[in-house]
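Shown next: work34.txt, containing compact mmCIF, C-alpha atoms.
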```
# COMPACT_ATOMS: atom_id res chain seq x y z
CA MET A 21 10.22 10.56 5.22
CA LEU A 22 11.74 11.37 1.85
CA THR A 23 11.29 7.78 0.65
CA PRO A 24 10.23 4.56 2.39
CA HIS A 25 13.80 4.14 3.68
CA PHE A 26 15.41 7.61 3.88
CA THR A 27 14.76 10.69 6.03
CA LEU A 28 15.92 14.28 5.72
CA ASP A 29 17.81 13.92 9.01
CA GLU A 30 20.05 11.26 7.47
CA PHE A 31 21.12 13.74 4.79
CA VAL A 32 21.91 16.66 7.12
CA THR A 33 23.33 15.01 10.26
CA THR A 34 26.90 16.00 11.01
CA SER A 35 29.26 15.21 13.85
CA THR A 36 30.92 18.63 13.62
CA GLY A 37 28.35 20.42 15.79
CA LEU A 38 28.14 23.16 13.14
CA PRO A 39 24.89 24.38 11.53
CA ASN A 40 23.96 22.25 8.52
CA VAL A 41 20.62 23.61 7.34
CA PRO A 42 19.64 23.03 3.70
CA ASN A 43 17.75 25.67 1.73
CA GLU A 44 14.88 24.82 -0.66
CA MET A 45 17.22 24.07 -3.59
CA HIS A 46 19.25 21.72 -1.38
CA LYS A 47 16.04 20.01 -0.25
CA ARG A 48 15.01 19.40 -3.88
CA HIS A 49 18.44 17.88 -4.55
CA ILE A 50 18.20 15.77 -1.40
CA ARG A 51 14.82 14.41 -2.52
CA PHE A 52 16.36 13.54 -5.92
CA VAL A 53 19.36 11.76 -4.35
CA ALA A 54 17.10 9.94 -1.85
CA GLY A 55 15.01 8.66 -4.77
CA CYS A 56 18.13 7.39 -6.53
CA LEU A 57 19.33 5.63 -3.40
CA GLU A 58 15.87 4.18 -2.80
CA HIS A 59 15.93 2.66 -6.29
CA ALA A 60 19.31 1.04 -5.59
CA ARG A 61 18.27 -0.10 -2.11
CA GLN A 62 15.20 -1.87 -3.43
CA ALA A 63 17.26 -3.60 -6.12
CA LEU A 64 19.78 -4.81 -3.56
CA ASN A 65 17.25 -5.44 -0.77
CA LYS A 66 19.80 -4.32 1.84
CA PRO A 67 19.98 -1.14 3.90
CA ILE A 68 22.11 1.72 2.62
CA TYR A 69 23.65 3.91 5.32
CA ILE A 70 24.42 7.56 4.67
CA ASN A 71 27.80 8.58 6.08
CA SER A 72 27.84 12.10 4.63
CA ALA A 73 25.49 13.98 2.32
CA PHE A 74 24.60 17.68 2.34
CA ARG A 75 27.28 19.92 3.84
CA SER A 76 27.03 23.60 4.62
CA LYS A 77 30.13 25.64 3.77
CA GLU A 78 31.15 25.54 7.42
CA VAL A 79 30.71 21.78 7.73
CA ASN A 80 32.52 21.18 4.44
CA ALA A 81 35.49 23.27 5.58
CA ALA A 82 35.56 21.53 8.97
CA VAL A 83 35.75 18.06 7.39
CA GLY A 84 38.36 19.12 4.84
CA GLY A 85 36.03 18.94 1.85
CA SER A 86 36.85 20.48 -1.50
CA PRO A 87 35.51 24.02 -2.04
CA SER A 88 33.86 22.69 -5.22
CA SER A 89 32.39 19.57 -3.59
CA LEU A 90 28.96 18.55 -4.80
CA HIS A 91 28.14 17.86 -1.13
CA LEU A 92 27.68 21.65 -0.91
CA LEU A 93 24.83 21.40 -3.44
CA ALA A 94 23.36 18.26 -1.84
CA LEU A 95 24.23 16.30 -4.98
CA ALA A 96 26.81 13.99 -3.41
CA VAL A 97 26.57 11.28 -0.82
CA ASP A 98 28.98 8.93 0.88
CA ILE A 99 27.24 5.65 1.67
CA SER A 100 28.01 2.29 3.18
CA ILE A 101 26.37 -1.06 2.80
CA ARG A 102 27.05 -3.48 5.61
CA ASN A 103 27.54 -7.18 5.00
CA ILE A 104 27.43 -6.83 1.23
CA LYS A 105 29.13 -9.61 -0.63
CA TYR A 106 31.51 -8.69 -3.40
CA THR A 107 29.29 -10.68 -5.78
CA GLU A 108 26.30 -8.46 -4.90
CA MET A 109 28.09 -5.22 -5.77
CA PRO A 110 27.47 -5.41 -9.56
CA LYS A 111 23.68 -5.69 -8.99
CA PHE A 112 23.80 -2.66 -6.71
CA LEU A 113 25.97 -0.70 -9.14
CA ARG A 114 23.67 -1.46 -12.07
CA ALA A 115 20.68 -0.17 -10.10
CA LEU A 116 22.58 2.92 -9.03
CA LEU A 117 23.86 3.54 -12.55
CA ASP A 118 20.26 3.57 -13.76
CA THR A 119 20.10 6.93 -11.95
CA ASP A 120 23.08 8.22 -14.00
CA PRO A 121 25.58 9.28 -11.34
CA TYR A 122 28.37 11.58 -12.43
CA GLU A 123 30.98 10.13 -10.16
CA LEU A 124 31.11 6.86 -8.30
CA TYR A 125 34.13 5.48 -6.51
CA PRO A 126 34.94 3.34 -3.49
CA ILE A 127 36.04 5.05 -0.28
CA SER A 128 36.67 1.74 1.50
CA HIS A 129 35.69 -1.91 1.10
CA GLN A 130 32.04 -1.20 1.93
CA ALA A 131 31.69 2.54 1.30
CA LEU A 132 31.11 4.52 -1.87
CA HIS A 133 31.08 8.17 -2.88
CA VAL A 134 28.33 8.93 -5.39
CA SER A 135 27.54 12.30 -6.94
CA TRP A 136 25.22 13.60 -9.64
CA HIS A 137 25.95 16.53 -11.92
CA PRO A 138 23.77 17.14 -14.99
CA GLN A 139 26.42 19.10 -16.89
CA LYS A 140 29.36 16.74 -16.57
CA ARG A 141 30.37 13.44 -18.05
CA ASN A 142 30.19 10.35 -15.89
CA ILE A 143 33.35 9.24 -14.10
CA ILE A 144 33.05 5.73 -12.75
CA ASN A 145 35.80 3.86 -10.98
CA GLU A 146 34.67 0.33 -10.21
CA THR A 147 37.87 -0.78 -8.50
CA PHE A 148 37.07 -2.40 -5.18
CA ASP A 149 40.39 -3.65 -3.89
```

Rendering of file as structure tokens:
Amino acid sequence: MLTPHFTLDEFVTTSTGLPNVPNEMHKRHIRFVAGCLEHARQALNKPIYINSAFRSKEVNAAVGGSPSSLHLLALAVDISIRNIKYTEMPKFLRALLDTDPYELYPISHQALHVSWHPQKRNIINETFD
């Protein structure tokens, strides 16, 4: 277990059938991201489901990811929160923003892309329509 609620398998599972094995740097990044998500999960008190996290170059290409995607560095995650009320989203976002994500935007009504990059300015799109 990386945290009380997240495992390494959640961060490396892929449906592509391609190898998706993180190196030691990726594992350090995964532990960092897991800690950030754990903080937000505890604030919300609801499960956070990982849809996509670390991607090897092969996996990233297979899913049509950008060649510069932070998923390749294990510093991006696509997550979903089931049965979250719109009114609960600000509490979750505040907890997540405490971890200083670089980019945060909705993928769907209950899914978000979140990435961390220490050398870039934060880009936050809080439009959930």

Exercise. Find the residues near Arg51 of chain A: any atom within 12 Å, counting all atoms listed in the file, skip ones fewer than 3 places away on the same chain, and give them as an MDAnalysis selection string.
Key: chainID A and resid 21:24 26:31 42 44:48 54:58 73:74 94:95

Go ahead and write the residues just picked, C-alpha atoms, as a PDB file, in the frame of the given file.
```pdb
ATOM      1  CA  MET A  21      10.220  10.560   5.220  1.00  0.00           C
ATOM      2  CA  LEU A  22      11.740  11.370   1.850  1.00  0.00           C
ATOM      3  CA  THR A  23      11.290   7.780   0.650  1.00  0.00           C
ATOM      4  CA  PRO A  24      10.230   4.560   2.390  1.00  0.00           C
ATOM      5  CA  PHE A  26      15.410   7.610   3.880  1.00  0.00           C
ATOM      6  CA  THR A  27      14.760  10.690   6.030  1.00  0.00           C
ATOM      7  CA  LEU A  28      15.920  14.280   5.720  1.00  0.00           C
ATOM      8  CA  ASP A  29      17.810  13.920   9.010  1.00  0.00           C
ATOM      9  CA  GLU A  30      20.050  11.260   7.470  1.00  0.00           C
ATOM     10  CA  PHE A  31      21.120  13.740   4.790  1.00  0.00           C
ATOM     11  CA  PRO A  42      19.640  23.030   3.700  1.00  0.00           C
ATOM     12  CA  GLU A  44      14.880  24.820  -0.660  1.00  0.00           C
ATOM     13  CA  MET A  45      17.220  24.070  -3.590  1.00  0.00           C
ATOM     14  CA  HIS A  46      19.250  21.720  -1.380  1.00  0.00           C
ATOM     15  CA  LYS A  47      16.040  20.010  -0.250  1.00  0.00           C
ATOM     16  CA  ARG A  48      15.010  19.400  -3.880  1.00  0.00           C
ATOM     17  CA  ALA A  54      17.100   9.940  -1.850  1.00  0.00           C
ATOM     18  CA  GLY A  55      15.010   8.660  -4.770  1.00  0.00           C
ATOM     19  CA  CYS A  56      18.130   7.390  -6.530  1.00  0.00           C
ATOM     20  CA  LEU A  57      19.330   5.630  -3.400  1.00  0.00           C
ATOM     21  CA  GLU A  58      15.870   4.180  -2.800  1.00  0.00           C
ATOM     22  CA  ALA A  73      25.490  13.980   2.320  1.00  0.00           C
ATOM     23  CA  PHE A  74      24.600  17.680   2.340  1.00  0.00           C
ATOM     24  CA  ALA A  94      23.360  18.260  -1.840  1.00  0.00           C
ATOM     25  CA  LEU A  95      24.230  16.300  -4.980  1.00  0.00           C
TER      26      LEU A  95
END
```

Set up a box along x, y and z of the file covering all listed atoms of segment 33-43 of chain A, add 4 Å on every one of the six sides, and write the centre and edge lengths in Å to one decimal, as JSON.
```
{"center_x": 24.3, "center_y": 20.3, "center_z": 8.8, "size_x": 21.2, "size_y": 18.7, "size_z": 22.1}
```

Exercise. Skip Asp118 of chain A itself and residues of its chain fewer than 3 positions away, then list as an MDAnalysis selection string all residues within 12 Å of it, counting all atoms listed in the file.
Key: chainID A and resid 55:60 63 111:115 121:122 136

Quiz item: Of the residues A:Thr119, A:Asn103, A:Gln130, A:Ser135, which is the one nearest to Asn65 of chain A, using all atoms listed in the file?
Solution: A:Asn103

Residues within 12 Å of Val79 of chain A, all atoms listed in the file, excluding chain neighbours under 3 positions, as a CSV table (one decimal) with C-alpha atoms, keeping the file's coordinate frame:
```
chain,number,residue,atom,x,y,z
A,32,VAL,CA,21.9,16.7,7.1
A,33,THR,CA,23.3,15.0,10.3
A,34,THR,CA,26.9,16.0,11.0
A,35,SER,CA,29.3,15.2,13.8
A,36,THR,CA,30.9,18.6,13.6
A,37,GLY,CA,28.4,20.4,15.8
A,38,LEU,CA,28.1,23.2,13.1
A,39,PRO,CA,24.9,24.4,11.5
A,40,ASN,CA,24.0,22.2,8.5
A,41,VAL,CA,20.6,23.6,7.3
A,42,PRO,CA,19.6,23.0,3.7
A,72,SER,CA,27.8,12.1,4.6
A,73,ALA,CA,25.5,14.0,2.3
A,74,PHE,CA,24.6,17.7,2.3
A,75,ARG,CA,27.3,19.9,3.8
A,76,SER,CA,27.0,23.6,4.6
A,82,ALA,CA,35.6,21.5,9.0
A,83,VAL,CA,35.8,18.1,7.4
A,84,GLY,CA,38.4,19.1,4.8
A,85,GLY,CA,36.0,18.9,1.8
A,86,SER,CA,36.8,20.5,-1.5
A,87,PRO,CA,35.5,24.0,-2.0
A,89,SER,CA,32.4,19.6,-3.6
A,91,HIS,CA,28.1,17.9,-1.1
A,92,LEU,CA,27.7,21.6,-0.9
```

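In this model, the gap between atom CA of Ser128 of chain A and atom CA of Ser100 of chain A comes to 8.8 Å.
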
Coordinate excerpt as a PDB file, in the first residue's frame: segment 119-132 of chain A, all heavy atoms:
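Final file, decode-v3.pdb:
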```pdb
ATOM      1  N   THR A 119      -2.256  20.660  -2.398  1.00  0.00           N
ATOM      2  CA  THR A 119      -1.087  19.912  -2.874  1.00  0.00           C
ATOM      3  C   THR A 119      -0.446  20.589  -4.080  1.00  0.00           C
ATOM      4  O   THR A 119       0.508  20.074  -4.638  1.00  0.00           O
ATOM      5  CB  THR A 119      -1.476  18.463  -3.235  1.00  0.00           C
ATOM      6  OG1 THR A 119      -2.310  18.467  -4.403  1.00  0.00           O
ATOM      7  CG2 THR A 119      -2.171  17.775  -2.084  1.00  0.00           C
ATOM      8  N   ASP A 120      -0.969  21.737  -4.501  1.00  0.00           N
ATOM      9  CA  ASP A 120      -0.412  22.567  -5.560  1.00  0.00           C
ATOM     10  C   ASP A 120      -0.314  21.865  -6.914  1.00  0.00           C
ATOM     11  O   ASP A 120       0.758  21.756  -7.493  1.00  0.00           O
ATOM     12  CB  ASP A 120       0.964  23.092  -5.138  1.00  0.00           C
ATOM     13  CG  ASP A 120       1.379  24.314  -5.956  1.00  0.00           C
ATOM     14  OD1 ASP A 120       0.486  25.011  -6.464  1.00  0.00           O
ATOM     15  OD2 ASP A 120       2.581  24.549  -6.093  1.00  0.00           O
ATOM     16  N   PRO A 121      -1.440  21.404  -7.466  1.00  0.00           N
ATOM     17  CA  PRO A 121      -1.365  20.804  -8.792  1.00  0.00           C
ATOM     18  C   PRO A 121      -1.080  21.862  -9.850  1.00  0.00           C
ATOM     19  O   PRO A 121      -1.462  23.018  -9.719  1.00  0.00           O
ATOM     20  CB  PRO A 121      -2.744  20.193  -8.996  1.00  0.00           C
ATOM     21  CG  PRO A 121      -3.639  20.995  -8.128  1.00  0.00           C
ATOM     22  CD  PRO A 121      -2.801  21.422  -6.952  1.00  0.00           C
ATOM     23  N   TYR A 122      -0.406  21.438 -10.887  1.00  0.00           N
ATOM     24  CA  TYR A 122      -0.081  22.317 -12.006  1.00  0.00           C
ATOM     25  C   TYR A 122      -1.280  22.488 -12.918  1.00  0.00           C
ATOM     26  O   TYR A 122      -1.555  23.559 -13.424  1.00  0.00           O
ATOM     27  CB  TYR A 122       1.115  21.717 -12.759  1.00  0.00           C
ATOM     28  CG  TYR A 122       1.259  22.158 -14.190  1.00  0.00           C
ATOM     29  CD1 TYR A 122       1.537  23.479 -14.494  1.00  0.00           C
ATOM     30  CD2 TYR A 122       1.125  21.251 -15.225  1.00  0.00           C
ATOM     31  CE1 TYR A 122       1.676  23.878 -15.806  1.00  0.00           C
ATOM     32  CE2 TYR A 122       1.271  21.645 -16.529  1.00  0.00           C
ATOM     33  CZ  TYR A 122       1.541  22.957 -16.822  1.00  0.00           C
ATOM     34  OH  TYR A 122       1.675  23.356 -18.120  1.00  0.00           O
ATOM     35  N   GLU A 123      -1.986  21.419 -13.139  1.00  0.00           N
ATOM     36  CA  GLU A 123      -3.097  21.455 -14.073  1.00  0.00           C
ATOM     37  C   GLU A 123      -4.237  20.621 -13.512  1.00  0.00           C
ATOM     38  O   GLU A 123      -4.018  19.518 -13.022  1.00  0.00           O
ATOM     39  CB  GLU A 123      -2.627  20.883 -15.411  1.00  0.00           C
ATOM     40  CG  GLU A 123      -3.549  21.110 -16.551  1.00  0.00           C
ATOM     41  CD  GLU A 123      -2.914  20.707 -17.870  1.00  0.00           C
ATOM     42  OE1 GLU A 123      -2.307  19.620 -17.940  1.00  0.00           O
ATOM     43  OE2 GLU A 123      -3.036  21.486 -18.818  1.00  0.00           O
ATOM     44  N   LEU A 124      -5.420  21.170 -13.583  1.00  0.00           N
ATOM     45  CA  LEU A 124      -6.588  20.473 -13.068  1.00  0.00           C
ATOM     46  C   LEU A 124      -7.758  20.853 -13.950  1.00  0.00           C
ATOM     47  O   LEU A 124      -8.038  22.042 -14.101  1.00  0.00           O
ATOM     48  CB  LEU A 124      -6.835  20.907 -11.624  1.00  0.00           C
ATOM     49  CG  LEU A 124      -7.949  20.219 -10.874  1.00  0.00           C
ATOM     50  CD1 LEU A 124      -7.567  20.058  -9.415  1.00  0.00           C
ATOM     51  CD2 LEU A 124      -9.245  20.983 -11.003  1.00  0.00           C
ATOM     52  N   TYR A 125      -8.372  19.870 -14.586  1.00  0.00           N
ATOM     53  CA  TYR A 125      -9.538  20.181 -15.406  1.00  0.00           C
ATOM     54  C   TYR A 125     -10.470  18.976 -15.491  1.00  0.00           C
ATOM     55  O   TYR A 125     -10.031  17.831 -15.382  1.00  0.00           O
ATOM     56  CB  TYR A 125      -9.153  20.663 -16.806  1.00  0.00           C
ATOM     57  CG  TYR A 125      -8.305  19.716 -17.612  1.00  0.00           C
ATOM     58  CD1 TYR A 125      -8.876  18.678 -18.354  1.00  0.00           C
ATOM     59  CD2 TYR A 125      -6.926  19.868 -17.663  1.00  0.00           C
ATOM     60  CE1 TYR A 125      -8.093  17.821 -19.097  1.00  0.00           C
ATOM     61  CE2 TYR A 125      -6.138  19.008 -18.404  1.00  0.00           C
ATOM     62  CZ  TYR A 125      -6.737  17.989 -19.131  1.00  0.00           C
ATOM     63  OH  TYR A 125      -5.953  17.146 -19.862  1.00  0.00           O
ATOM     64  N   PRO A 126     -11.750  19.233 -15.681  1.00  0.00           N
ATOM     65  CA  PRO A 126     -12.704  18.134 -15.773  1.00  0.00           C
ATOM     66  C   PRO A 126     -12.570  17.397 -17.109  1.00  0.00           C
ATOM     67  O   PRO A 126     -12.332  18.004 -18.144  1.00  0.00           O
ATOM     68  CB  PRO A 126     -14.059  18.814 -15.658  1.00  0.00           C
ATOM     69  CG  PRO A 126     -13.822  20.226 -16.030  1.00  0.00           C
ATOM     70  CD  PRO A 126     -12.402  20.538 -15.725  1.00  0.00           C
ATOM     71  N   ILE A 127     -12.709  16.087 -17.042  1.00  0.00           N
ATOM     72  CA  ILE A 127     -12.747  15.246 -18.237  1.00  0.00           C
ATOM     73  C   ILE A 127     -14.205  14.933 -18.556  1.00  0.00           C
ATOM     74  O   ILE A 127     -14.605  14.841 -19.697  1.00  0.00           O
ATOM     75  CB  ILE A 127     -11.963  13.939 -18.018  1.00  0.00           C
ATOM     76  CG1 ILE A 127     -10.503  14.247 -17.702  1.00  0.00           C
ATOM     77  CG2 ILE A 127     -12.072  13.016 -19.215  1.00  0.00           C
ATOM     78  CD1 ILE A 127      -9.730  13.042 -17.220  1.00  0.00           C
ATOM     79  N   SER A 128     -14.998  14.765 -17.507  1.00  0.00           N
ATOM     80  CA  SER A 128     -16.432  14.512 -17.630  1.00  0.00           C
ATOM     81  C   SER A 128     -17.088  15.065 -16.367  1.00  0.00           C
ATOM     82  O   SER A 128     -16.426  15.722 -15.568  1.00  0.00           O
ATOM     83  CB  SER A 128     -16.703  13.013 -17.785  1.00  0.00           C
ATOM     84  OG  SER A 128     -16.391  12.342 -16.579  1.00  0.00           O
ATOM     85  N   HIS A 129     -18.354  14.748 -16.167  1.00  0.00           N
ATOM     86  CA  HIS A 129     -19.063  15.282 -14.990  1.00  0.00           C
ATOM     87  C   HIS A 129     -18.482  14.799 -13.669  1.00  0.00           C
ATOM     88  O   HIS A 129     -18.586  15.482 -12.665  1.00  0.00           O
ATOM     89  CB  HIS A 129     -20.560  14.949 -15.053  1.00  0.00           C
ATOM     90  CG  HIS A 129     -21.273  15.736 -16.094  1.00  0.00           C
ATOM     91  ND1 HIS A 129     -21.448  17.089 -16.013  1.00  0.00           N
ATOM     92  CD2 HIS A 129     -21.828  15.348 -17.269  1.00  0.00           C
ATOM     93  CE1 HIS A 129     -22.089  17.520 -17.075  1.00  0.00           C
ATOM     94  NE2 HIS A 129     -22.331  16.481 -17.856  1.00  0.00           N
ATOM     95  N   GLN A 130     -17.879  13.609 -13.644  1.00  0.00           N
ATOM     96  CA  GLN A 130     -17.336  13.094 -12.394  1.00  0.00           C
ATOM     97  C   GLN A 130     -15.879  12.657 -12.525  1.00  0.00           C
ATOM     98  O   GLN A 130     -15.396  11.879 -11.708  1.00  0.00           O
ATOM     99  CB  GLN A 130     -18.184  11.929 -11.881  1.00  0.00           C
ATOM    100  CG  GLN A 130     -19.556  12.391 -11.419  1.00  0.00           C
ATOM    101  CD  GLN A 130     -20.363  11.270 -10.807  1.00  0.00           C
ATOM    102  OE1 GLN A 130     -20.181  10.113 -11.135  1.00  0.00           O
ATOM    103  NE2 GLN A 130     -21.260  11.629  -9.914  1.00  0.00           N
ATOM    104  N   ALA A 131     -15.178  13.155 -13.528  1.00  0.00           N
ATOM    105  CA  ALA A 131     -13.777  12.777 -13.702  1.00  0.00           C
ATOM    106  C   ALA A 131     -12.913  14.015 -13.905  1.00  0.00           C
ATOM    107  O   ALA A 131     -13.333  14.987 -14.534  1.00  0.00           O
ATOM    108  CB  ALA A 131     -13.622  11.829 -14.887  1.00  0.00           C
ATOM    109  N   LEU A 132     -11.726  13.957 -13.337  1.00  0.00           N
ATOM    110  CA  LEU A 132     -10.779  15.070 -13.424  1.00  0.00           C
ATOM    111  C   LEU A 132      -9.413  14.577 -13.883  1.00  0.00           C
ATOM    112  O   LEU A 132      -9.006  13.473 -13.556  1.00  0.00           O
ATOM    113  CB  LEU A 132     -10.568  15.703 -12.042  1.00  0.00           C
ATOM    114  CG  LEU A 132     -11.713  16.411 -11.372  1.00  0.00           C
ATOM    115  CD1 LEU A 132     -11.353  16.727  -9.933  1.00  0.00           C
ATOM    116  CD2 LEU A 132     -12.030  17.689 -12.115  1.00  0.00           C
TER     117      LEU A 132
END
```
